[in-house]
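Pasted below: upload-v5.cif, mmCIF, C-alpha atoms and all ligand atoms.
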data_data
#
loop_
_atom_site.group_PDB
_atom_site.id
_atom_site.type_symbol
_atom_site.label_atom_id
_atom_site.label_comp_id
_atom_site.auth_asym_id
_atom_site.auth_seq_id
_atom_site.Cartn_x
_atom_site.Cartn_y
_atom_site.Cartn_z
ATOM 1 C CA MET A 220 -220.555 -75.772 11.969
ATOM 2 C CA GLU A 221 -222.629 -75.656 8.814
ATOM 3 C CA PHE A 222 -222.181 -77.831 5.736
ATOM 4 C CA ARG A 223 -223.441 -77.728 2.153
ATOM 5 C CA PHE A 224 -225.566 -80.878 2.695
ATOM 6 C CA LYS A 225 -228.496 -81.825 4.923
ATOM 7 C CA LEU A 226 -227.242 -83.825 7.883
ATOM 8 C CA SER A 227 -230.458 -85.829 8.321
ATOM 9 C CA GLU A 228 -229.894 -87.314 4.849
ATOM 10 C CA PHE A 229 -227.271 -89.652 6.269
ATOM 11 C CA LEU A 230 -227.312 -89.312 10.082
ATOM 12 C CA ASP A 231 -230.143 -90.798 12.173
ATOM 13 C CA CYS A 232 -229.199 -89.795 15.704
ATOM 14 C CA GLU A 233 -228.036 -86.649 17.449
ATOM 15 C CA ILE A 234 -224.907 -88.552 18.442
ATOM 16 C CA SER A 235 -223.376 -90.966 15.928
ATOM 17 C CA LYS A 236 -220.338 -93.183 16.378
ATOM 18 C CA ILE A 237 -218.055 -93.293 13.365
ATOM 19 C CA ASN A 238 -215.081 -95.590 12.866
ATOM 20 C CA LYS A 239 -212.495 -96.207 10.187
ATOM 21 C CA ASN A 240 -215.103 -97.081 7.555
ATOM 22 C CA LEU A 241 -216.326 -93.443 7.812
ATOM 23 C CA LEU A 242 -219.941 -94.538 8.134
ATOM 24 C CA PRO A 243 -222.201 -93.853 11.142
ATOM 25 C CA ASN A 244 -222.833 -96.966 13.246
ATOM 26 C CA THR A 245 -226.546 -96.766 12.362
ATOM 27 C CA PHE A 246 -225.950 -96.601 8.603
ATOM 28 C CA SER A 247 -227.988 -98.905 6.403
ATOM 29 C CA GLY A 248 -228.020 -98.355 2.677
ATOM 30 C CA ASP A 249 -226.686 -99.629 -0.605
ATOM 31 C CA ARG A 250 -223.173 -99.093 -1.955
ATOM 32 C CA ARG A 251 -224.116 -95.882 -3.702
ATOM 33 C CA ALA A 252 -225.597 -94.418 -0.539
ATOM 34 C CA ALA A 253 -222.535 -95.557 1.389
ATOM 35 C CA ALA A 254 -220.159 -93.824 -1.020
ATOM 36 C CA LYS A 255 -222.151 -90.585 -0.742
ATOM 37 C CA CYS A 256 -222.239 -90.828 3.037
ATOM 38 C CA ILE A 257 -218.483 -91.470 3.237
ATOM 39 C CA GLY A 258 -217.937 -88.302 1.195
ATOM 40 C CA TYR A 259 -220.081 -86.246 3.569
ATOM 41 C CA VAL A 260 -218.541 -87.741 6.697
ATOM 42 C CA SER A 261 -215.056 -87.122 5.290
ATOM 43 C CA GLU A 262 -215.876 -83.457 4.768
ATOM 44 C CA ILE A 263 -217.127 -83.187 8.355
ATOM 45 C CA MET A 264 -214.062 -84.935 9.802
ATOM 46 C CA ASP A 265 -211.650 -82.726 7.854
ATOM 47 C CA SER A 266 -213.436 -79.468 8.765
ATOM 48 C CA MET A 267 -213.939 -80.348 12.425
ATOM 49 C CA GLY A 268 -210.324 -81.540 12.656
ATOM 50 C CA ILE A 269 -209.086 -78.188 11.360
ATOM 51 C CA ALA A 270 -211.378 -76.235 13.696
ATOM 52 C CA SER A 271 -210.292 -78.328 16.672
ATOM 53 C CA ALA A 272 -206.625 -77.781 15.823
ATOM 54 C CA HIS A 273 -207.200 -74.014 15.651
ATOM 55 C CA ALA A 274 -209.009 -74.063 18.985
ATOM 56 C CA GLN A 275 -206.072 -75.897 20.584
ATOM 57 C CA ALA A 276 -203.416 -73.860 18.751
ATOM 58 C CA LEU A 277 -202.014 -77.010 17.158
ATOM 59 C CA GLN A 278 -199.888 -76.730 14.035
ATOM 60 C CA LYS A 279 -201.673 -79.584 12.271
ATOM 61 C CA PRO A 280 -205.061 -81.271 12.727
ATOM 62 C CA ILE A 281 -204.981 -84.497 14.671
ATOM 63 C CA THR A 282 -208.307 -85.562 13.208
ATOM 64 C CA SER A 283 -209.105 -85.957 9.513
ATOM 65 C CA ALA A 284 -210.947 -88.486 7.362
ATOM 66 C CA GLU A 285 -207.667 -89.984 6.215
ATOM 67 C CA LYS A 286 -206.267 -90.266 9.734
ATOM 68 C CA LEU A 287 -209.475 -91.916 10.954
ATOM 69 C CA ARG A 288 -209.476 -94.366 8.037
ATOM 70 C CA ASN A 289 -205.950 -95.437 8.952
ATOM 71 C CA SER A 290 -206.673 -95.932 12.646
ATOM 72 C CA ASN A 291 -208.699 -98.048 15.023
ATOM 73 C CA TYR A 292 -210.163 -94.979 16.690
ATOM 74 C CA ASP A 293 -213.795 -93.901 16.949
ATOM 75 C CA VAL A 294 -215.322 -90.455 16.638
ATOM 76 C CA TYR A 295 -218.556 -89.535 18.412
ATOM 77 C CA LEU A 296 -220.255 -86.767 16.430
ATOM 78 C CA LEU A 297 -222.904 -84.472 17.929
ATOM 79 C CA VAL A 298 -225.337 -82.673 15.610
ATOM 80 C CA ASP A 299 -228.346 -80.384 15.832
ATOM 81 C CA PHE A 300 -230.757 -81.415 13.069
ATOM 82 C CA GLU A 301 -233.039 -78.376 13.406
ATOM 83 C CA ALA A 302 -230.460 -75.584 13.128
ATOM 84 C CA ASN A 303 -229.408 -73.916 9.872
ATOM 85 C CA ASN A 304 -232.980 -73.865 8.488
ATOM 86 C CA GLY A 305 -233.380 -77.585 9.009
ATOM 87 C CA ASN A 306 -230.120 -78.491 7.240
ATOM 88 C CA GLY A 307 -228.494 -79.096 10.608
ATOM 89 C CA THR A 308 -225.191 -78.137 12.176
ATOM 90 C CA VAL A 309 -222.365 -80.182 13.634
ATOM 91 C CA LEU A 310 -221.916 -79.151 17.258
ATOM 92 C CA GLY A 311 -218.933 -81.208 18.274
ATOM 93 C CA MET A 312 -216.792 -84.305 18.079
ATOM 94 C CA LEU A 313 -214.986 -86.571 20.492
ATOM 95 C CA LYS A 314 -212.306 -88.974 19.271
ATOM 96 C CA VAL A 315 -211.329 -91.904 21.484
ATOM 97 C CA GLY A 316 -209.095 -94.906 21.025
ATOM 98 C CA ARG A 317 -206.963 -97.455 22.807
ATOM 99 C CA LYS A 318 -203.236 -96.883 23.233
ATOM 100 C CA ASN A 319 -200.629 -98.954 24.946
ATOM 101 C CA LEU A 320 -199.404 -96.961 27.949
ATOM 102 C CA TYR A 321 -196.670 -97.692 30.454
ATOM 103 C CA VAL A 322 -197.658 -96.033 33.702
ATOM 104 C CA PHE A 323 -196.043 -95.910 37.137
ATOM 105 C CA ASP A 324 -198.163 -96.020 40.269
ATOM 106 C CA VAL A 325 -197.269 -94.236 43.551
ATOM 107 C CA THR A 326 -195.104 -97.160 44.665
ATOM 108 C CA GLY A 327 -193.071 -96.867 41.454
ATOM 109 C CA MET A 328 -194.432 -100.093 40.056
ATOM 110 C CA SER A 329 -194.865 -99.971 36.278
ATOM 111 C CA HIS A 330 -197.982 -101.188 34.532
ATOM 112 C CA GLU A 331 -198.540 -101.757 30.845
ATOM 113 C CA LYS A 332 -202.098 -101.031 29.862
ATOM 114 C CA LYS A 333 -204.055 -100.615 26.661
ATOM 115 C CA ALA A 334 -206.067 -97.689 27.971
ATOM 116 C CA LEU A 335 -208.940 -95.894 26.331
ATOM 117 C CA CYS A 336 -207.709 -92.362 25.610
ATOM 118 C CA ILE A 337 -209.355 -89.038 24.863
ATOM 119 C CA LEU A 338 -207.542 -88.064 21.684
ATOM 120 C CA ASP A 339 -209.447 -85.056 20.343
ATOM 121 C CA PHE A 340 -212.463 -83.286 21.840
ATOM 122 C CA TYR A 341 -214.004 -80.203 20.329
ATOM 123 C CA ILE A 342 -217.273 -78.300 20.617
ATOM 124 C CA TYR A 343 -217.864 -75.622 18.000
ATOM 125 C CA GLU A 344 -216.897 -72.196 19.423
ATOM 126 C CA SER A 345 -220.380 -70.633 19.524
ATOM 127 C CA SER A 346 -221.794 -73.744 21.217
ATOM 128 C CA GLN A 347 -219.222 -74.085 24.006
ATOM 129 C CA ARG A 348 -220.204 -73.796 27.676
ATOM 130 C CA GLN A 349 -223.812 -74.793 27.022
ATOM 131 C CA GLY A 350 -223.577 -78.392 28.194
ATOM 132 C CA TYR A 351 -222.978 -80.006 24.783
ATOM 133 C CA GLY A 352 -219.553 -81.263 25.772
ATOM 134 C CA LYS A 353 -221.023 -82.985 28.837
ATOM 135 C CA TRP A 354 -223.772 -84.547 26.742
ATOM 136 C CA LEU A 355 -221.274 -85.912 24.217
ATOM 137 C CA PHE A 356 -218.814 -87.094 26.874
ATOM 138 C CA ASP A 357 -221.543 -88.866 28.883
ATOM 139 C CA HIS A 358 -222.799 -90.585 25.747
ATOM 140 C CA MET A 359 -219.266 -91.825 25.013
ATOM 141 C CA LEU A 360 -218.788 -93.065 28.614
ATOM 142 C CA HIS A 361 -222.023 -95.008 28.372
ATOM 143 C CA GLY A 362 -221.153 -96.374 24.921
ATOM 144 C CA GLU A 363 -217.688 -97.486 26.013
ATOM 145 C CA ASN A 364 -218.941 -98.674 29.420
ATOM 146 C CA ILE A 365 -216.140 -96.830 31.187
ATOM 147 C CA LEU A 366 -215.651 -94.320 34.025
ATOM 148 C CA PRO A 367 -213.883 -91.008 33.358
ATOM 149 C CA GLN A 368 -211.030 -91.821 35.772
ATOM 150 C CA GLU A 369 -210.313 -95.023 33.842
ATOM 151 C CA MET A 370 -209.314 -93.036 30.769
ATOM 152 C CA ALA A 371 -206.065 -91.315 29.774
ATOM 153 C CA LEU A 372 -205.870 -87.921 28.081
ATOM 154 C CA ASP A 373 -203.562 -87.042 25.221
ATOM 155 C CA LYS A 374 -202.083 -83.553 25.871
ATOM 156 C CA PRO A 375 -205.242 -82.110 27.440
ATOM 157 C CA SER A 376 -206.008 -78.389 27.182
ATOM 158 C CA GLU A 377 -206.784 -76.212 30.200
ATOM 159 C CA LYS A 378 -210.413 -76.154 29.076
ATOM 160 C CA LEU A 379 -210.596 -79.943 29.070
ATOM 161 C CA LEU A 380 -209.033 -80.152 32.531
ATOM 162 C CA ALA A 381 -211.547 -77.581 33.808
ATOM 163 C CA PHE A 382 -214.348 -79.569 32.147
ATOM 164 C CA LEU A 383 -213.298 -82.849 33.791
ATOM 165 C CA PHE A 384 -212.950 -81.215 37.192
ATOM 166 C CA LYS A 385 -216.305 -79.482 36.972
ATOM 167 C CA HIS A 386 -218.370 -82.425 35.728
ATOM 168 C CA TYR A 387 -216.545 -85.477 37.113
ATOM 169 C CA GLY A 388 -214.474 -84.108 40.013
ATOM 170 C CA LEU A 389 -211.215 -85.268 38.394
ATOM 171 C CA GLN A 390 -208.445 -83.265 39.955
ATOM 172 C CA THR A 391 -205.283 -85.086 40.889
ATOM 173 C CA ILE A 392 -203.248 -85.300 37.740
ATOM 174 C CA ILE A 393 -200.550 -87.909 37.193
ATOM 175 C CA PRO A 394 -198.472 -87.000 34.113
ATOM 176 C CA HIS A 395 -197.125 -89.740 31.852
ATOM 177 C CA ASN A 396 -195.163 -88.355 28.914
ATOM 178 C CA ASN A 397 -197.748 -86.713 26.654
ATOM 179 C CA PHE A 398 -200.592 -88.393 28.494
ATOM 180 C CA ILE A 399 -202.133 -87.667 31.815
ATOM 181 C CA ILE A 400 -204.198 -89.906 34.032
ATOM 182 C CA PHE A 401 -206.122 -89.208 37.222
ATOM 183 C CA GLU A 402 -206.275 -90.646 40.696
ATOM 184 C CA GLY A 403 -208.445 -93.744 40.418
ATOM 185 C CA PHE A 404 -206.754 -95.036 37.274
ATOM 186 C CA PHE A 405 -204.773 -97.576 39.289
ATOM 187 C CA ASP A 406 -207.863 -98.818 41.170
ATOM 188 C CA TYR A 407 -209.197 -99.678 37.779
ATOM 189 C CA LEU A 408 -206.001 -101.553 36.899
ATOM 190 C CA LYS A 409 -206.242 -103.520 40.171
ATOM 191 C CA SER A 410 -209.846 -104.449 39.481
ATOM 192 C CA GLU A 411 -208.744 -105.881 36.125
ATOM 193 C CA VAL A 412 -206.016 -108.145 37.539
HETATM 194 N N1 LIG B 501 -212.359 -71.806 29.829
HETATM 195 C C1 LIG B 501 -212.311 -72.587 30.911
HETATM 196 N N2 LIG B 501 -213.112 -73.692 31.088
HETATM 197 C C2 LIG B 501 -213.944 -74.021 30.095
HETATM 198 C C3 LIG B 501 -214.022 -73.266 28.916
HETATM 199 C C4 LIG B 501 -213.202 -72.099 28.810
HETATM 200 N N3 LIG B 501 -213.230 -71.301 27.750
HETATM 201 N N4 LIG B 501 -214.937 -73.837 28.104
HETATM 202 C C5 LIG B 501 -215.431 -74.924 28.769
HETATM 203 N N5 LIG B 501 -214.819 -75.037 29.963
HETATM 204 C C6 LIG B 501 -215.081 -76.051 31.015
HETATM 205 C C7 LIG B 501 -215.574 -75.333 32.267
HETATM 206 O O1 LIG B 501 -215.409 -76.193 33.365
HETATM 207 C C8 LIG B 501 -217.050 -75.160 31.940
HETATM 208 O O2 LIG B 501 -217.839 -74.884 33.072
HETATM 209 P P1 LIG B 501 -218.171 -73.329 33.408
HETATM 210 O O3 LIG B 501 -218.751 -72.743 32.147
HETATM 211 O O4 LIG B 501 -219.165 -73.407 34.532
HETATM 212 O O5 LIG B 501 -216.862 -72.684 33.788
HETATM 213 C C9 LIG B 501 -217.374 -76.501 31.375
HETATM 214 O O6 LIG B 501 -216.196 -76.894 30.601
HETATM 215 C C10 LIG B 501 -218.590 -76.418 30.472
HETATM 216 O O7 LIG B 501 -219.066 -77.713 30.219
HETATM 217 P P2 LIG B 501 -219.759 -78.001 28.822
HETATM 218 O O8 LIG B 501 -220.609 -76.846 28.405
HETATM 219 O O9 LIG B 501 -220.405 -79.342 28.882
HETATM 220 O O10 LIG B 501 -218.452 -78.082 27.897
HETATM 221 P P3 LIG B 501 -218.252 -77.594 26.385
HETATM 222 O O11 LIG B 501 -219.452 -77.899 25.569
HETATM 223 O O12 LIG B 501 -217.724 -76.197 26.366
HETATM 224 O O13 LIG B 501 -217.082 -78.590 25.908
HETATM 225 C C11 LIG B 501 -214.690 -78.544 25.547
HETATM 226 C C12 LIG B 501 -215.834 -78.638 26.581
HETATM 227 C C13 LIG B 501 -214.762 -79.735 24.599
HETATM 228 C C14 LIG B 501 -213.362 -78.585 26.299
HETATM 229 C C15 LIG B 501 -214.845 -77.239 24.734
HETATM 230 O O14 LIG B 501 -214.754 -76.138 25.599
HETATM 231 C C16 LIG B 501 -213.848 -77.057 23.595
HETATM 232 O O15 LIG B 501 -214.060 -77.542 22.500
HETATM 233 N N6 LIG B 501 -212.750 -76.345 23.858
HETATM 234 C C17 LIG B 501 -211.774 -76.005 22.819
HETATM 235 C C18 LIG B 501 -210.990 -77.219 22.341
HETATM 236 C C19 LIG B 501 -210.316 -77.960 23.464
HETATM 237 O O16 LIG B 501 -209.636 -77.378 24.293
HETATM 238 N N7 LIG B 501 -210.520 -79.292 23.460
HETATM 239 C C20 LIG B 501 -209.839 -80.215 24.341
HETATM 240 C C21 LIG B 501 -208.522 -80.534 23.710
HETATM 241 S S1 LIG B 501 -207.521 -81.689 24.604
HETATM 242 C C22 LIG B 501 -207.954 -83.235 24.026
HETATM 243 O O17 LIG B 501 -208.830 -83.352 23.229
HETATM 244 C C23 LIG B 501 -207.249 -84.491 24.589
#
Output the file's structure in the form of structure tokens.
Amino acid sequence: MEFRFKLSEFLDCEISKINKNLLPNTFSGDRRAAAKCIGYVSEIMDSMGIASAHAQALQKPITSAEKLRNSNYDVYLLVDFEANNGNGTVLGMLKVGRKNLYVFDVTGMSHEKKALCILDFYIYESSQRQGYGKWLFDHMLHGENILPQEMALDKPSEKLLAFLFKHYGLQTIIPHNNFIIFEGFFDYLKSEV
């Protein structure tokens, strides 16, 4: 996705982590630079949120600058600095955050867990199926120091389920209201006890 500004003006890395302050984790600059950067990041969050909602046939975006500002979630943003005549393009975003889940294991025992959840994952249409999603997801796993089976998914699409099966072998789905988890989630709970 192209924007009216040059991405390298305010982003240093191909993958940036952005939280509620709407600044990349690598940002260093004065207040004026910060205000400008927040404006740019807000535009990206709003546009990518709308595009992601369209791609998932959702009525309303689940990601926007305002929603991120009022949350404790993080967005990993993937960009290509060279594209668009050197102005750069945004290739994708991955929003993650912790939610309190009540889950039942196979014995029927309930567990309460603040699990890291995949909340919104989107690669720009023309860039899908080229490995960018895997790159972004792997970066997030490394950053969060977590395994894919330790995470929960908020209303995953068929494409996301196919993605997780292909790249991480995640197959056995355990539904929990709007969330799903995979086999292996409970091993992770046990290891935390
Ligand atoms: N149909 C079926 N499977 C797909 C599709 C598709 N159109 N696109 C990607 N995949 C899966 C397949 O397993 C594919 O492997 P294959 O091409 O050999 O069949 C694999 O993902 C490709 O891996 P990557 O190239 O690394 O993934 P990509 O960059 O396409 O990113 C993503 C995956 C994020 C799911 C992307 O396709 C996308 O943005 N889809 C539209 C939005 C969406 O559905 N997001 C998930 C919403 S649910 C949530 O966020 C909790």
message: Quick check on the file I pasted: which residues fall under the PyMOL selection byres (((not hetatm)) within 8 of (chain B and resi 501))? Write them as a ChimeraX atom specification.
response: /A:271-272,274-275,311,313-314,336-344,346-354,372-386
- request: Would you list the contacts of Leu360 of chain A as a list in words, taking every protein, DNA or RNA residue within 12 Å and counting only C-alpha atoms, but skipping same-chain residues closer than 4 positions in sequence?
  value: Tyr295, Leu313, Val315, Leu335, Cys336, Ile337, Lys353, Trp354, Leu355, Phe356, Asn364, Ile365, Leu366, Pro367, Gln368, Glu369, Met370 and Tyr387 of chain A
message: Taking only C-alpha atoms into account, name the residue in A:Ile393, A:Val298, A:Cys256, A:Met220 that is nearest to Gly268 of chain A.
response: A:Met220
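Using all atoms listed in the file, the shortest contact distance between Leu320 of chain A and any of A:Lys333, A:Arg223, A:Leu287, A:Phe246 is found at A:Lys333.
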Picked residues, the PyMOL selection byres (((chain A and resi 285) around 9) and not hetatm), as a PyMOL selection string: chain A and resi 239+261+264-265+282-284+286-290
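Nearest residue to Ala371 of chain A, choosing from A:Arg250, A:Arg317, A:Lys279, A:Lys236 and counting only C-alpha atoms: A:Arg317.
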message: Suppose a student applies the PyMOL selection byres (((chain A and resi 322) around 12) and not hetatm) to this structure; what residues should they get, written as a ChimeraX atom specification?
response: /A:318-321,323-334,371,393-401,404-405,408
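Interatomic distance, atom CA of Ala253 of chain A against atom CA of Asp357 of chain A: 28.3 Å.
As for atom CA of Leu310 of chain A and atom CA of Cys232 of chain A, they are spaced 13.0 Å apart.
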task: Enter the distance from atom CA of Ile237 of chain A to atom CA of Asn306 of chain A, in Å, rounded to one decimal.
output: 20.1 Å
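Each of A:Asn291, A:Phe222, A:Val309, A:Glu228 was compared to Gly248 of chain A using only C-alpha atoms, and A:Glu228 turns out to be the nearest.
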